[in-house]
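S.K.: The structure follows.
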Amino acid sequence: YSRQPYLDNIFADIRNSNALVKPDVDNEHITSYEAGYRFNKGKLRVNIDIYRTEWGNRFVSNGGTDNVPDPSNPGQTMERFFTDRFTDVTQIHQGLEFDFEYRPDNDRYRLKGYGSIGNWKYDGSTPVTRQDEDTLEFITIPGAEDGNIDLTGTKVGQAPQTSFGVGLVINAFEGLSIDVDYNVFSNLYAQVDASDVAEAALVGERFQSDLIDSYGLFDLGLTYKFNFGGNKLTFRGNVFNAGNESFVTQQNNFGVGLGNGRTYNGSICYNFQ
């Protein structure tokens, strides 16, 4: 199918002007295929899916900075903020996903899990422009003087391409259940930087963004259902990242994004009758 781009992406300076970016941004084109198998018998339920999505003519913009001569201070440099716009990006997302759940007859516990194994890459070349955020002038990218860069084979960043998880829910006694989940995230890549792609092409190499370290997180939970004055109440408590692991969730031109440490929350739910 075809869809219009996000409106924020078609303006050169959405904060101060109604001027449109050049070249013009066309509709994005998406073609997707998916097939799956479902098994549900007795105590076990299993779902398996494979997918392939080609997302063409996609618009992507990244912000960044570089150092340039300062016209008001000869011999000194100043920081310049710019925006890179990729106007014809094609991404191919393909992979396999599954989930399962096992419930014994006595319902004393429930075992669940999932997995997602992806291979998400850019395909082909795309026009790219770099624009000074202050002057709105276009800047030549060294190594991409013709205004195009080849992204073929470069991994898509900013989201884990592979993840697995397993969880156990134990019904301790009537009204009380305890659950624990462990999730692993890997094959997470940094955001693509146009300058890095161009520099790699100059020396005959294919650019690959940085691979961010994998990480695993434990989450704990407790649910207690009870009556109070004839009213049905449910208490829910959670501990996220119970091991207080330090991890990086993303990386771009401005640095890295850190995940949350150990956090807690609790809630009371009242059921109206």
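The chains in the structure tokens are called A, B, ... from first to last as shown; in each chain the residues are counted from 1, and the ligands are counted from 1 in the order shown.
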Can you tell me, as a PyMOL selection string, what residues are no more than 8 Å from segment 33-37 of chain A when counting only C-alpha atoms, ignoring any on the same chain fewer than 4 positions away?
M.R.: chain A and resi 47-53
S.K.: Find the spatial neighbours of segment 104-114 of chain A, counting only C-alpha atoms, within a cut-off of 10 Å - ignore same-chain residues fewer than 2 positions away - and output them as a PyMOL selection string.
M.R.: chain A and resi 42-48+97-102+116+163-173+177-179+181-183
S.K.: Go ahead and write the selection's residues with N, CA, C and O atoms as a compact mmCIF listing (two decimals), in the first residue's frame.
M.R.:
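Saved file out10.txt follows:
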```txt
# COMPACT_ATOMS: atom_id res chain seq x y z
N GLY A 42 -4.99 -29.08 24.27
CA GLY A 42 -4.74 -29.47 25.65
C GLY A 42 -4.08 -28.37 26.45
O GLY A 42 -4.57 -27.24 26.53
N LYS A 43 -2.93 -28.66 26.99
CA LYS A 43 -2.24 -27.75 27.89
C LYS A 43 -1.33 -26.75 27.17
O LYS A 43 -0.85 -25.80 27.78
N LEU A 44 -1.10 -26.98 25.87
CA LEU A 44 -0.08 -26.21 25.15
C LEU A 44 -0.69 -25.40 24.02
O LEU A 44 -1.53 -25.87 23.26
N ARG A 45 -0.22 -24.14 23.91
CA ARG A 45 -0.57 -23.26 22.80
C ARG A 45 0.71 -22.69 22.21
O ARG A 45 1.58 -22.21 22.93
N VAL A 46 0.85 -22.81 20.87
CA VAL A 46 2.05 -22.33 20.18
C VAL A 46 1.64 -21.54 18.94
O VAL A 46 0.78 -21.99 18.17
N ASN A 47 2.26 -20.38 18.73
CA ASN A 47 2.08 -19.58 17.51
C ASN A 47 3.43 -19.36 16.86
O ASN A 47 4.41 -19.01 17.54
N ILE A 48 3.51 -19.55 15.53
CA ILE A 48 4.73 -19.33 14.77
C ILE A 48 4.39 -18.49 13.55
O ILE A 48 3.42 -18.79 12.84
N GLU A 97 8.94 -15.13 14.20
CA GLU A 97 8.49 -14.86 15.57
C GLU A 97 7.68 -16.05 16.08
O GLU A 97 7.01 -16.73 15.30
N PHE A 98 7.77 -16.27 17.37
CA PHE A 98 6.96 -17.34 17.97
C PHE A 98 6.62 -16.98 19.41
O PHE A 98 7.29 -16.16 20.05
N ASP A 99 5.57 -17.58 19.91
CA ASP A 99 5.24 -17.48 21.33
C ASP A 99 4.53 -18.77 21.75
O ASP A 99 3.96 -19.48 20.90
N PHE A 100 4.60 -19.07 23.03
CA PHE A 100 3.97 -20.29 23.53
C PHE A 100 3.46 -20.06 24.95
O PHE A 100 3.89 -19.14 25.66
N GLU A 101 2.55 -20.93 25.36
CA GLU A 101 2.03 -20.91 26.73
C GLU A 101 1.65 -22.33 27.13
O GLU A 101 1.01 -23.04 26.36
N TYR A 102 2.07 -22.71 28.32
CA TYR A 102 1.76 -24.04 28.84
C TYR A 102 1.02 -23.90 30.16
O TYR A 102 1.50 -23.23 31.08
N SER A 116 11.83 -13.61 18.84
CA SER A 116 11.76 -12.85 17.60
C SER A 116 13.16 -12.76 17.02
O SER A 116 14.07 -12.23 17.66
N SER A 163 15.12 -10.87 19.97
CA SER A 163 14.74 -10.82 21.38
C SER A 163 14.08 -12.14 21.77
O SER A 163 13.44 -12.80 20.95
N PHE A 164 14.30 -12.51 23.01
CA PHE A 164 13.70 -13.72 23.57
C PHE A 164 13.21 -13.41 24.98
O PHE A 164 13.76 -12.54 25.67
N GLY A 165 12.19 -14.13 25.39
CA GLY A 165 11.70 -13.96 26.75
C GLY A 165 11.01 -15.20 27.25
O GLY A 165 10.45 -15.99 26.47
N VAL A 166 11.07 -15.39 28.56
CA VAL A 166 10.37 -16.51 29.20
C VAL A 166 9.79 -15.99 30.51
O VAL A 166 10.37 -15.12 31.17
N GLY A 167 8.62 -16.50 30.85
CA GLY A 167 7.96 -16.04 32.07
C GLY A 167 7.26 -17.19 32.78
O GLY A 167 6.85 -18.18 32.16
N LEU A 168 7.14 -17.05 34.08
CA LEU A 168 6.48 -18.06 34.91
C LEU A 168 5.52 -17.35 35.86
O LEU A 168 5.90 -16.40 36.55
N VAL A 169 4.26 -17.81 35.88
CA VAL A 169 3.25 -17.30 36.79
C VAL A 169 2.87 -18.43 37.74
O VAL A 169 2.48 -19.51 37.30
N ILE A 170 3.00 -18.19 39.04
CA ILE A 170 2.69 -19.20 40.05
C ILE A 170 1.50 -18.74 40.86
O ILE A 170 1.51 -17.63 41.43
N ASN A 171 0.47 -19.57 40.90
CA ASN A 171 -0.69 -19.29 41.74
C ASN A 171 -0.43 -19.87 43.12
O ASN A 171 -0.64 -21.06 43.38
N ALA A 172 0.09 -19.02 44.02
CA ALA A 172 0.54 -19.49 45.33
C ALA A 172 -0.62 -20.04 46.16
O ALA A 172 -0.52 -21.11 46.75
N PHE A 173 -1.70 -19.30 46.24
CA PHE A 173 -2.93 -19.75 46.88
C PHE A 173 -4.06 -18.89 46.35
O PHE A 173 -3.83 -17.98 45.54
N SER A 177 -1.05 -14.51 43.14
CA SER A 177 -0.17 -15.06 42.12
C SER A 177 1.12 -14.24 42.07
O SER A 177 1.11 -13.02 42.30
N ILE A 178 2.21 -14.91 41.76
CA ILE A 178 3.53 -14.28 41.65
C ILE A 178 4.08 -14.59 40.26
O ILE A 178 3.96 -15.72 39.77
N ASP A 179 4.64 -13.60 39.61
CA ASP A 179 5.18 -13.84 38.26
C ASP A 179 6.58 -13.28 38.13
O ASP A 179 6.95 -12.29 38.78
N ASP A 181 9.58 -12.64 34.90
CA ASP A 181 9.86 -12.63 33.46
C ASP A 181 11.32 -12.28 33.24
O ASP A 181 11.89 -11.42 33.95
N TYR A 182 11.93 -12.93 32.24
CA TYR A 182 13.29 -12.59 31.84
C TYR A 182 13.30 -12.36 30.34
O TYR A 182 12.83 -13.22 29.57
N ASN A 183 13.79 -11.19 29.91
CA ASN A 183 13.82 -10.82 28.50
C ASN A 183 15.23 -10.48 28.07
O ASN A 183 15.96 -9.78 28.80
```
S.K.: Can you pull out every residue from segment 3-58 of chain A that DSSP, working from the backbone, puts in strand (DSSP E or B), and format the result as a ChimeraX atom specification?
M.R.: /A:3,11,20,28-41,44-58
S.K.: If you count only C-alpha atoms, which residues fall within 9 Å of Phe218 of chain A, apart from same-chain ones fewer than 4 positions away, as a list in words?
M.R.: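 Within the cut-off, the hits are Val180, Asp181, Tyr182, Asn183, Val239, Phe240, Asn241, Ala242, Gly243, Asn244 and Glu245 of chain A.
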S.K.: When you look at Ile149 of chain A with a cut-off of 8 Å (counting only C-alpha atoms), what residues show up, excluding the ones that are within fewer than 2 positions of it in the same chain? I need them as a ChimeraX atom specification.
M.R.: /A:125-128,144,147,151,194,197-198
S.K.: Keeping all heavy atoms, export the residues of the selection given above as a CSV table (one decimal), in the first residue's frame.
M.R.:
```
chain,number,residue,atom,x,y,z
A,125,SER,N,20.4,2.7,-2.9
A,125,SER,CA,20.9,4.0,-2.6
A,125,SER,C,19.8,5.0,-2.5
A,125,SER,O,18.6,4.7,-2.8
A,125,SER,CB,21.8,4.5,-3.8
A,125,SER,OG,21.1,4.6,-5.0
A,126,THR,N,20.1,6.1,-1.9
A,126,THR,CA,19.1,7.1,-1.6
A,126,THR,C,19.7,8.5,-1.8
A,126,THR,O,20.9,8.7,-1.4
A,126,THR,CB,18.5,7.0,-0.2
A,126,THR,OG1,17.6,8.1,0.1
A,126,THR,CG2,19.6,7.0,0.9
A,127,PRO,N,19.0,9.5,-2.3
A,127,PRO,CA,19.5,10.9,-2.3
A,127,PRO,C,19.5,11.3,-0.8
A,127,PRO,O,18.7,10.9,0.0
A,127,PRO,CB,18.4,11.6,-3.0
A,127,PRO,CG,17.7,10.6,-3.9
A,127,PRO,CD,17.7,9.4,-3.1
A,128,VAL,N,20.5,12.2,-0.5
A,128,VAL,CA,20.7,12.7,0.8
A,128,VAL,C,21.0,14.2,0.7
A,128,VAL,O,21.8,14.6,-0.2
A,128,VAL,CB,21.7,12.0,1.6
A,128,VAL,CG1,23.1,12.0,1.0
A,128,VAL,CG2,21.8,12.5,3.0
A,144,ALA,N,30.0,12.4,-0.7
A,144,ALA,CA,28.6,12.3,-1.3
A,144,ALA,C,28.3,13.5,-2.1
A,144,ALA,O,27.2,14.0,-2.0
A,144,ALA,CB,27.6,12.0,-0.2
A,147,GLY,N,25.2,13.7,-4.1
A,147,GLY,CA,24.0,13.8,-3.4
A,147,GLY,C,23.3,12.4,-3.2
A,147,GLY,O,22.1,12.3,-2.9
A,151,LEU,N,23.2,2.5,0.8
A,151,LEU,CA,23.0,1.9,2.1
A,151,LEU,C,22.8,0.4,2.1
A,151,LEU,O,22.5,-0.2,3.1
A,151,LEU,CB,21.7,2.5,2.7
A,151,LEU,CG,21.7,4.0,3.1
A,151,LEU,CD1,20.3,4.4,3.5
A,151,LEU,CD2,22.7,4.2,4.2
A,194,ALA,N,24.9,9.8,7.9
A,194,ALA,CA,25.2,10.0,6.5
A,194,ALA,C,26.7,10.2,6.2
A,194,ALA,O,27.3,9.7,5.3
A,194,ALA,CB,24.4,11.2,5.9
A,197,VAL,N,28.5,6.9,6.3
A,197,VAL,CA,28.2,6.1,5.1
A,197,VAL,C,29.1,6.6,4.0
A,197,VAL,O,29.7,5.8,3.2
A,197,VAL,CB,26.8,6.2,4.7
A,197,VAL,CG1,26.5,5.4,3.4
A,197,VAL,CG2,25.9,5.6,5.8
A,198,ALA,N,29.2,7.9,3.8
A,198,ALA,CA,30.0,8.5,2.8
A,198,ALA,C,31.5,8.2,2.9
A,198,ALA,O,32.2,7.9,2.0
A,198,ALA,CB,29.7,10.0,2.7
```
S.K.: Select, from A:Asn119, A:Ser61, A:Gln161, A:Asn187, the residue with the minimum atom-to-atom distance to Phe82 of chain A, counting only C-alpha atoms.
M.R.: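 Selected residue with least distance to Phe82 of chain A: A:Ser61.
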S.K.: Given the choices A:Thr31, A:Arg58, A:Phe272, A:Gly75, which gets closest to Gln94 of chain A if the distance is worked out from only C-alpha atoms?
M.R.: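 Checking each candidate against Gln94 of chain A, we get A:Thr31 as the closest.
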S.K.: DSSP says helix (DSSP H, G or I) for which residues of segment 127-262 of chain A? Put them as a list in words?
M.R.: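 Those residues are Ala194, Ser195, Asp196, Val197, Ala198, Glu199, Ala200, Ala201 and Leu202 of chain A.
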S.K.: Got time to write the residues from that selection, all heavy atoms, as a PDB file, in the first residue's frame?
M.R.:
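Contents of again-v7.pdb, freshly written:
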```pdb
ATOM      1  N   ALA A 194      24.888   9.835   7.880  1.00  0.00           N
ATOM      2  CA  ALA A 194      25.226  10.009   6.465  1.00  0.00           C
ATOM      3  C   ALA A 194      26.721  10.208   6.249  1.00  0.00           C
ATOM      4  O   ALA A 194      27.295   9.713   5.273  1.00  0.00           O
ATOM      5  CB  ALA A 194      24.450  11.191   5.892  1.00  0.00           C
ATOM      6  N   SER A 195      27.387  10.947   7.138  1.00  0.00           N
ATOM      7  CA  SER A 195      28.820  11.194   6.990  1.00  0.00           C
ATOM      8  C   SER A 195      29.603   9.892   7.065  1.00  0.00           C
ATOM      9  O   SER A 195      30.542   9.664   6.296  1.00  0.00           O
ATOM     10  CB  SER A 195      29.306  12.159   8.076  1.00  0.00           C
ATOM     11  OG  SER A 195      28.704  13.423   7.940  1.00  0.00           O
ATOM     12  N   ASP A 196      29.220   9.020   7.995  1.00  0.00           N
ATOM     13  CA  ASP A 196      29.919   7.745   8.142  1.00  0.00           C
ATOM     14  C   ASP A 196      29.731   6.871   6.908  1.00  0.00           C
ATOM     15  O   ASP A 196      30.655   6.176   6.473  1.00  0.00           O
ATOM     16  CB  ASP A 196      29.407   7.006   9.384  1.00  0.00           C
ATOM     17  CG  ASP A 196      29.787   7.722  10.676  1.00  0.00           C
ATOM     18  OD1 ASP A 196      30.761   8.510  10.644  1.00  0.00           O
ATOM     19  OD2 ASP A 196      29.114   7.502  11.699  1.00  0.00           O
ATOM     20  N   VAL A 197      28.499   6.880   6.338  1.00  0.00           N
ATOM     21  CA  VAL A 197      28.245   6.104   5.125  1.00  0.00           C
ATOM     22  C   VAL A 197      29.119   6.600   3.982  1.00  0.00           C
ATOM     23  O   VAL A 197      29.737   5.820   3.248  1.00  0.00           O
ATOM     24  CB  VAL A 197      26.757   6.181   4.732  1.00  0.00           C
ATOM     25  CG1 VAL A 197      26.503   5.428   3.436  1.00  0.00           C
ATOM     26  CG2 VAL A 197      25.873   5.610   5.840  1.00  0.00           C
ATOM     27  N   ALA A 198      29.188   7.923   3.827  1.00  0.00           N
ATOM     28  CA  ALA A 198      29.981   8.511   2.751  1.00  0.00           C
ATOM     29  C   ALA A 198      31.466   8.225   2.936  1.00  0.00           C
ATOM     30  O   ALA A 198      32.179   7.901   1.969  1.00  0.00           O
ATOM     31  CB  ALA A 198      29.737  10.020   2.688  1.00  0.00           C
ATOM     32  N   GLU A 199      31.970   8.327   4.157  1.00  0.00           N
ATOM     33  CA  GLU A 199      33.379   8.065   4.420  1.00  0.00           C
ATOM     34  C   GLU A 199      33.740   6.618   4.113  1.00  0.00           C
ATOM     35  O   GLU A 199      34.811   6.333   3.569  1.00  0.00           O
ATOM     36  CB  GLU A 199      33.702   8.404   5.873  1.00  0.00           C
ATOM     37  CG  GLU A 199      33.681   9.896   6.172  1.00  0.00           C
ATOM     38  CD  GLU A 199      33.828  10.182   7.654  1.00  0.00           C
ATOM     39  OE1 GLU A 199      34.080   9.211   8.414  1.00  0.00           O
ATOM     40  OE2 GLU A 199      33.699  11.357   8.052  1.00  0.00           O
ATOM     41  N   ALA A 200      32.842   5.687   4.458  1.00  0.00           N
ATOM     42  CA  ALA A 200      33.089   4.280   4.165  1.00  0.00           C
ATOM     43  C   ALA A 200      33.133   4.042   2.659  1.00  0.00           C
ATOM     44  O   ALA A 200      33.970   3.283   2.151  1.00  0.00           O
ATOM     45  CB  ALA A 200      32.017   3.409   4.811  1.00  0.00           C
ATOM     46  N   ALA A 201      32.230   4.697   1.916  1.00  0.00           N
ATOM     47  CA  ALA A 201      32.194   4.531   0.460  1.00  0.00           C
ATOM     48  C   ALA A 201      33.469   5.052  -0.189  1.00  0.00           C
ATOM     49  O   ALA A 201      33.942   4.501  -1.194  1.00  0.00           O
ATOM     50  CB  ALA A 201      30.972   5.244  -0.116  1.00  0.00           C
ATOM     51  N   LEU A 202      34.072   6.111   0.359  1.00  0.00           N
ATOM     52  CA  LEU A 202      35.286   6.694  -0.204  1.00  0.00           C
ATOM     53  C   LEU A 202      36.443   5.706  -0.206  1.00  0.00           C
ATOM     54  O   LEU A 202      37.310   5.752  -1.082  1.00  0.00           O
ATOM     55  CB  LEU A 202      35.678   7.944   0.581  1.00  0.00           C
ATOM     56  CG  LEU A 202      34.898   9.226   0.266  1.00  0.00           C
ATOM     57  CD1 LEU A 202      35.317  10.334   1.212  1.00  0.00           C
ATOM     58  CD2 LEU A 202      35.106   9.649  -1.180  1.00  0.00           C
TER      59      LEU A 202
END
```
S.K.: Which neighbours of Glu133 of chain A fall inside 9 Å, counting only C-alpha atoms, when residues of the same chain fewer than 2 positions from it are skipped, and could you give them as number ranges by chain?
M.R.: A: 13, 80-83, 131, 135-137
S.K.: Quick one: everything within 10 Å of Ile268 of chain A, counting only C-alpha atoms, minus sequence neighbours fewer than 5 positions away in the same chain. Send it as a VMD selection string.
M.R.: chain A and resid 223 to 225 233 to 237
S.K.: To one decimal place in Å, what is the distance between atom CA of Gly56 of chain A and atom CA of Lys155 of chain A?
M.R.: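 Interatomic distance here is 15.4 Å.
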S.K.: Using only C-alpha atoms for the distances, tell me which of A:Asn18, A:Met78, A:Ile117, A:Cys269 is nearest to Gly95 of chain A.
M.R.: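 Among A:Asn18, A:Met78, A:Ile117, A:Cys269, it is A:Ile117 that comes nearest to Gly95 of chain A.
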S.K.: Which is closer to Asn27 of chain A than all the others in A:Phe11, A:Phe59, A:Tyr189, A:Phe39, using only C-alpha atoms?
M.R.: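 Of A:Phe11, A:Phe59, A:Tyr189, A:Phe39, the one nearest Asn27 of chain A, counting only C-alpha atoms, is A:Phe59.
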S.K.: Nearest to Ser186 of chain A among A:Gln250, A:Asn67, A:Glu205, A:Gly143, with distances taken over only C-alpha atoms: which residue is it?
M.R.: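 Under the stated criterion, the closest residue is A:Gln250.
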